[in-house]
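So this block is work25.cif, mmCIF, N, CA and C atoms:
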data_target
loop_
_atom_site.label_atom_id
_atom_site.label_comp_id
_atom_site.auth_asym_id
_atom_site.auth_seq_id
_atom_site.Cartn_x
_atom_site.Cartn_y
_atom_site.Cartn_z
N MET A 13 -13.98 14.31 -3.70
CA MET A 13 -12.87 13.39 -3.59
C MET A 13 -12.54 12.80 -4.96
N LEU A 14 -11.72 13.47 -5.67
CA LEU A 14 -11.36 13.05 -7.03
C LEU A 14 -10.61 11.72 -7.04
N LEU A 15 -9.63 11.60 -6.18
CA LEU A 15 -8.80 10.39 -6.17
C LEU A 15 -9.59 9.20 -5.65
N ALA A 16 -10.43 9.40 -4.65
CA ALA A 16 -11.21 8.30 -4.09
C ALA A 16 -12.08 7.65 -5.16
N GLU A 17 -12.73 8.48 -5.96
CA GLU A 17 -13.58 7.95 -7.03
C GLU A 17 -12.75 7.19 -8.06
N LYS A 18 -11.60 7.71 -8.42
CA LYS A 18 -10.75 7.07 -9.42
C LYS A 18 -10.21 5.74 -8.89
N LYS A 19 -9.79 5.70 -7.62
CA LYS A 19 -9.26 4.46 -7.04
C LYS A 19 -10.32 3.37 -7.07
N CYS A 20 -11.51 3.71 -6.69
CA CYS A 20 -12.60 2.74 -6.67
C CYS A 20 -12.89 2.25 -8.09
N GLN A 21 -12.96 3.16 -9.03
CA GLN A 21 -13.22 2.81 -10.42
C GLN A 21 -12.14 1.87 -10.97
N LEU A 22 -10.88 2.21 -10.74
CA LEU A 22 -9.77 1.40 -11.24
C LEU A 22 -9.72 0.03 -10.58
N ARG A 23 -9.99 -0.01 -9.28
CA ARG A 23 -9.99 -1.29 -8.57
C ARG A 23 -11.07 -2.21 -9.13
N GLU A 24 -12.25 -1.65 -9.36
CA GLU A 24 -13.34 -2.45 -9.89
C GLU A 24 -13.04 -2.90 -11.33
N GLU A 25 -12.43 -2.04 -12.12
CA GLU A 25 -12.06 -2.42 -13.49
C GLU A 25 -11.07 -3.59 -13.50
N LYS A 26 -10.16 -3.59 -12.53
CA LYS A 26 -9.17 -4.66 -12.42
C LYS A 26 -9.72 -5.88 -11.67
N GLN A 27 -10.96 -5.78 -11.21
CA GLN A 27 -11.64 -6.85 -10.48
C GLN A 27 -10.84 -7.30 -9.25
N LEU A 28 -10.37 -6.29 -8.51
CA LEU A 28 -9.63 -6.54 -7.28
C LEU A 28 -10.51 -6.24 -6.08
N LEU A 29 -10.32 -6.99 -5.03
CA LEU A 29 -11.00 -6.72 -3.76
C LEU A 29 -10.19 -5.70 -2.98
N GLN A 30 -10.86 -4.98 -2.09
CA GLN A 30 -10.15 -4.01 -1.26
C GLN A 30 -9.05 -4.69 -0.46
N ARG A 31 -9.30 -5.89 0.03
CA ARG A 31 -8.28 -6.59 0.82
C ARG A 31 -7.05 -6.93 -0.01
N GLN A 32 -7.23 -7.16 -1.31
CA GLN A 32 -6.09 -7.43 -2.18
C GLN A 32 -5.25 -6.16 -2.37
N VAL A 33 -5.94 -5.04 -2.50
CA VAL A 33 -5.23 -3.77 -2.66
C VAL A 33 -4.50 -3.40 -1.38
N SER A 34 -5.18 -3.57 -0.25
CA SER A 34 -4.53 -3.24 1.03
C SER A 34 -3.32 -4.13 1.27
N ALA A 35 -3.39 -5.39 0.86
CA ALA A 35 -2.24 -6.28 1.00
C ALA A 35 -1.07 -5.82 0.12
N ALA A 36 -1.39 -5.37 -1.09
CA ALA A 36 -0.35 -4.87 -2.00
C ALA A 36 0.31 -3.62 -1.43
N LEU A 37 -0.47 -2.80 -0.72
CA LEU A 37 0.07 -1.58 -0.11
C LEU A 37 0.71 -1.85 1.25
N GLU A 38 0.52 -3.08 1.74
CA GLU A 38 1.02 -3.48 3.05
C GLU A 38 0.44 -2.61 4.17
N ILE A 39 -0.88 -2.39 4.08
CA ILE A 39 -1.58 -1.65 5.12
C ILE A 39 -2.82 -2.44 5.53
N ASP A 40 -3.39 -2.07 6.65
CA ASP A 40 -4.60 -2.70 7.15
C ASP A 40 -5.76 -2.45 6.19
N ASN A 41 -6.62 -3.44 6.03
CA ASN A 41 -7.76 -3.31 5.12
C ASN A 41 -8.68 -2.17 5.53
N ALA A 42 -8.90 -2.00 6.83
CA ALA A 42 -9.78 -0.91 7.30
C ALA A 42 -9.20 0.45 6.90
N LEU A 43 -7.89 0.59 6.98
CA LEU A 43 -7.25 1.84 6.58
C LEU A 43 -7.43 2.08 5.08
N TYR A 44 -7.24 1.03 4.29
CA TYR A 44 -7.42 1.21 2.84
C TYR A 44 -8.86 1.59 2.52
N CYS A 45 -9.82 0.98 3.21
CA CYS A 45 -11.23 1.33 2.98
C CYS A 45 -11.47 2.81 3.24
N LYS A 46 -10.86 3.34 4.29
CA LYS A 46 -10.99 4.77 4.60
C LYS A 46 -10.33 5.61 3.52
N ILE A 47 -9.19 5.16 3.01
CA ILE A 47 -8.51 5.89 1.95
C ILE A 47 -9.35 5.87 0.68
N GLU A 48 -9.91 4.72 0.35
CA GLU A 48 -10.68 4.62 -0.88
C GLU A 48 -11.96 5.45 -0.84
N CYS A 49 -12.59 5.52 0.32
CA CYS A 49 -13.83 6.30 0.38
C CYS A 49 -13.57 7.78 0.67
N GLY A 50 -12.31 8.15 0.86
CA GLY A 50 -11.97 9.56 1.02
C GLY A 50 -11.95 10.06 2.45
N ASP A 51 -12.12 9.16 3.42
CA ASP A 51 -12.07 9.58 4.82
C ASP A 51 -10.64 9.83 5.30
N ARG A 52 -9.68 9.20 4.64
CA ARG A 52 -8.26 9.39 4.95
C ARG A 52 -7.52 9.68 3.66
N SER A 53 -6.42 10.39 3.78
CA SER A 53 -5.61 10.69 2.60
C SER A 53 -4.50 9.66 2.48
N ALA A 54 -4.27 9.21 1.26
CA ALA A 54 -3.16 8.30 1.00
C ALA A 54 -1.85 9.08 1.03
N LYS A 55 -0.78 8.39 1.31
CA LYS A 55 0.55 8.99 1.23
C LYS A 55 1.00 8.97 -0.22
N ARG A 56 1.93 9.83 -0.53
CA ARG A 56 2.43 9.94 -1.91
C ARG A 56 2.92 8.60 -2.44
N ASP A 57 3.71 7.89 -1.65
CA ASP A 57 4.24 6.60 -2.11
C ASP A 57 3.12 5.57 -2.32
N GLN A 58 2.07 5.66 -1.52
CA GLN A 58 0.93 4.76 -1.69
C GLN A 58 0.21 5.06 -3.01
N VAL A 59 0.11 6.32 -3.36
CA VAL A 59 -0.54 6.71 -4.61
C VAL A 59 0.24 6.15 -5.80
N ILE A 60 1.55 6.21 -5.72
CA ILE A 60 2.38 5.67 -6.80
C ILE A 60 2.23 4.15 -6.89
N LYS A 61 2.20 3.47 -5.73
CA LYS A 61 1.99 2.02 -5.73
C LYS A 61 0.63 1.66 -6.30
N LEU A 62 -0.38 2.46 -5.98
CA LEU A 62 -1.71 2.21 -6.53
C LEU A 62 -1.72 2.35 -8.04
N ALA A 63 -1.05 3.36 -8.53
CA ALA A 63 -0.97 3.57 -9.98
C ALA A 63 -0.32 2.36 -10.65
N GLU A 64 0.74 1.86 -10.05
CA GLU A 64 1.41 0.68 -10.60
C GLU A 64 0.49 -0.54 -10.55
N LEU A 65 -0.17 -0.74 -9.43
CA LEU A 65 -1.07 -1.87 -9.26
C LEU A 65 -2.22 -1.83 -10.27
N PHE A 66 -2.77 -0.65 -10.49
CA PHE A 66 -3.91 -0.49 -11.40
C PHE A 66 -3.47 -0.27 -12.85
N GLN A 67 -2.16 -0.23 -13.08
CA GLN A 67 -1.60 0.04 -14.41
C GLN A 67 -2.17 1.34 -14.97
N TYR A 68 -2.06 2.37 -14.15
CA TYR A 68 -2.58 3.69 -14.48
C TYR A 68 -1.41 4.68 -14.44
N ASN A 69 -1.50 5.73 -15.19
CA ASN A 69 -0.44 6.73 -15.26
C ASN A 69 -0.17 7.33 -13.87
N PRO A 70 1.03 7.14 -13.31
CA PRO A 70 1.33 7.67 -11.96
C PRO A 70 1.18 9.18 -11.87
N GLN A 71 1.56 9.89 -12.93
CA GLN A 71 1.46 11.35 -12.89
C GLN A 71 -0.01 11.79 -12.79
N LYS A 72 -0.89 11.15 -13.54
CA LYS A 72 -2.31 11.48 -13.47
C LYS A 72 -2.88 11.18 -12.09
N MET A 73 -2.43 10.07 -11.50
CA MET A 73 -2.89 9.69 -10.15
C MET A 73 -2.39 10.71 -9.13
N LEU A 74 -1.15 11.15 -9.27
CA LEU A 74 -0.61 12.15 -8.35
C LEU A 74 -1.30 13.50 -8.50
N VAL A 75 -1.69 13.85 -9.72
CA VAL A 75 -2.42 15.10 -9.93
C VAL A 75 -3.75 15.06 -9.20
N LEU A 76 -4.47 13.94 -9.26
CA LEU A 76 -5.73 13.81 -8.53
C LEU A 76 -5.50 13.89 -7.02
N TRP A 77 -4.43 13.24 -6.56
CA TRP A 77 -4.07 13.27 -5.14
C TRP A 77 -3.80 14.70 -4.67
N LEU A 78 -3.02 15.42 -5.47
CA LEU A 78 -2.69 16.80 -5.13
C LEU A 78 -3.93 17.70 -5.19
N ALA A 79 -4.78 17.47 -6.18
CA ALA A 79 -6.03 18.25 -6.28
C ALA A 79 -6.89 18.05 -5.03
N ASP A 80 -6.98 16.81 -4.56
CA ASP A 80 -7.73 16.54 -3.33
C ASP A 80 -7.13 17.28 -2.14
N LYS A 81 -5.80 17.28 -2.06
CA LYS A 81 -5.13 17.99 -0.95
C LYS A 81 -5.43 19.49 -1.02
N LEU A 82 -5.41 20.05 -2.22
CA LEU A 82 -5.71 21.47 -2.37
C LEU A 82 -7.15 21.79 -2.00
N ILE A 83 -8.07 20.96 -2.44
CA ILE A 83 -9.48 21.16 -2.11
C ILE A 83 -9.67 21.16 -0.60
N THR A 84 -9.05 20.20 0.06
CA THR A 84 -9.16 20.10 1.52
C THR A 84 -8.55 21.33 2.19
N ALA A 85 -7.42 21.78 1.69
CA ALA A 85 -6.71 22.91 2.30
C ALA A 85 -7.46 24.23 2.15
N ILE A 86 -8.18 24.40 1.04
CA ILE A 86 -8.78 25.71 0.78
C ILE A 86 -10.29 25.76 0.96
N GLU A 87 -10.92 24.65 1.30
CA GLU A 87 -12.38 24.63 1.32
C GLU A 87 -12.99 25.71 2.20
N ASP A 88 -12.33 26.09 3.27
CA ASP A 88 -12.86 27.13 4.14
C ASP A 88 -12.44 28.54 3.72
N ASP A 89 -11.45 28.62 2.85
CA ASP A 89 -10.91 29.92 2.46
C ASP A 89 -10.96 30.13 0.94
N ILE A 90 -12.00 29.67 0.33
CA ILE A 90 -12.11 29.73 -1.13
C ILE A 90 -12.02 31.16 -1.65
N ASN A 91 -12.49 32.13 -0.88
CA ASN A 91 -12.45 33.52 -1.32
C ASN A 91 -11.04 34.08 -1.38
N LEU A 92 -10.15 33.49 -0.60
CA LEU A 92 -8.76 33.96 -0.58
C LEU A 92 -7.89 33.28 -1.63
N LEU A 93 -8.45 32.29 -2.30
CA LEU A 93 -7.68 31.49 -3.24
C LEU A 93 -7.04 32.32 -4.35
N SER A 94 -7.80 33.19 -4.99
CA SER A 94 -7.24 33.94 -6.12
C SER A 94 -6.09 34.84 -5.67
N MET A 95 -6.20 35.42 -4.47
CA MET A 95 -5.11 36.25 -3.97
C MET A 95 -3.87 35.40 -3.70
N ALA A 96 -4.08 34.23 -3.12
CA ALA A 96 -2.95 33.35 -2.82
C ALA A 96 -2.28 32.87 -4.10
N LEU A 97 -3.07 32.53 -5.11
CA LEU A 97 -2.50 32.07 -6.37
C LEU A 97 -1.70 33.16 -7.07
N SER A 98 -2.14 34.41 -6.95
CA SER A 98 -1.39 35.49 -7.59
C SER A 98 -0.03 35.67 -6.91
N ILE A 99 0.04 35.42 -5.62
CA ILE A 99 1.33 35.48 -4.91
C ILE A 99 2.22 34.35 -5.36
N VAL A 100 1.66 33.17 -5.51
CA VAL A 100 2.43 32.00 -5.93
C VAL A 100 3.01 32.21 -7.32
N LYS A 101 2.24 32.83 -8.22
CA LYS A 101 2.69 33.07 -9.58
C LYS A 101 3.93 33.95 -9.63
N LYS A 102 4.04 34.89 -8.68
CA LYS A 102 5.18 35.80 -8.62
C LYS A 102 6.40 35.04 -8.17
#
Using the file provided, produce a representation of the structure as structure tokens.
Amino acid sequence: MLLAEKKCQLREEKQLLQRQVSAALEIDNALYCKIECGDRSAKRDQVIKLAELFQYNPQKMLVLWLADKLITAIEDDINLLSMALSIVKK
């Protein structure tokens, strides 16, 4: 969970509580806790809001978010990844 680790690190650096972050995202604290620990995936707009809140590069945050989505999507089919990527390149 690349993004989960980064969110936790950035939140701690900014000395914010999870409840403060969940309030900024306008979501339930329990939901944010699941997002931060990687049990749930954040939505794209939430990732952008988090980047703004943490004063972190939104593009870098979105890259981590997308990497997590890819890892989740291919974890069972890792052997097929290179074939799929060659199709995408075309």
Distance query Arg31 in chain A at most 8 Å, only N, CA and C atoms, self and fewer than 5 positions along chain excluded, as a list of chain:residue names: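 Non-adjacent residues within range: A:Ala36, A:Leu37, A:Asp40, A:Asn41, A:Ala42, A:Tyr44, A:Cys45.
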Mind writing the picked residues with N, CA and C atoms as a tab-separated table (two decimals), in the frame of the given file?
chain	number	residue	atom	x	y	z
A	36	ALA	N	-1.39	-5.37	-1.09
A	36	ALA	CA	-0.35	-4.87	-2.00
A	36	ALA	C	0.31	-3.62	-1.43
A	37	LEU	N	-0.47	-2.80	-0.72
A	37	LEU	CA	0.07	-1.58	-0.11
A	37	LEU	C	0.71	-1.85	1.25
A	40	ASP	N	-3.39	-2.07	6.65
A	40	ASP	CA	-4.60	-2.70	7.15
A	40	ASP	C	-5.76	-2.45	6.19
A	41	ASN	N	-6.62	-3.44	6.03
A	41	ASN	CA	-7.76	-3.31	5.12
A	41	ASN	C	-8.68	-2.17	5.53
A	42	ALA	N	-8.90	-2.00	6.83
A	42	ALA	CA	-9.78	-0.91	7.30
A	42	ALA	C	-9.20	0.45	6.90
A	44	TYR	N	-7.24	1.03	4.29
A	44	TYR	CA	-7.42	1.21	2.84
A	44	TYR	C	-8.86	1.59	2.52
A	45	CYS	N	-9.82	0.98	3.21
A	45	CYS	CA	-11.23	1.33	2.98
A	45	CYS	C	-11.47	2.81	3.24
For a quick check of understanding, using only N, CA and C atoms, which of A:Leu43, A:Arg56, A:Lys26, A:Asp88 has the smallest distance to Leu74 in chain A?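 Checking each candidate against Leu74 in chain A, we get A:Arg56 as the closest.
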Proximity to Lys81 in chain A - best of A:Leu14, A:Leu29, A:Ile39, A:Leu97, only N, CA and C atoms: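 That would be A:Leu14, the residue with the smallest distance to Lys81 in chain A.
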Have a look at atom C of Leu62 in chain A and CA of Leu78 in chain A and let me know their distance in Å, one decimal. 14.8 Å
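Residue nearest Glu48 in chain A, chosen from A:Asp80, A:Glu64, A:Glu17, A:Glu25 and counting all atoms listed in the file: A:Glu17.
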From the DSSP assignment of the backbone, select every residue of chain A that is helix (DSSP H, G or I), and format the answer as an MDAnalysis selection string. chainID A and resid 14:25 30:37 41:49 56:66 70:86 90:101
Counting only N, CA and C atoms, which of A:Leu93, A:Ala35, A:Ile60, A:Val75 gets nearest to Leu15 in chain A? A:Val75
For CA of Leu22 in chain A and CA of Glu87 in chain A, quote the distance in Å rounded to one decimal. 26.5 Å
For CA of Gly50 in chain A and CA of Gln30 in chain A, quote the distance in Å rounded to one decimal.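 If I compute the distance from CA of Gly50 in chain A to CA of Gln30 in chain A, I get 13.9 Å.
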When distances are computed from only N, CA and C atoms, which of A:Leu28, A:Val59, A:Ala96, A:Val33 shows the smallest separation from Trp77 in chain A?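 Counting only N, CA and C atoms, the residue closest to Trp77 in chain A is A:Val59.
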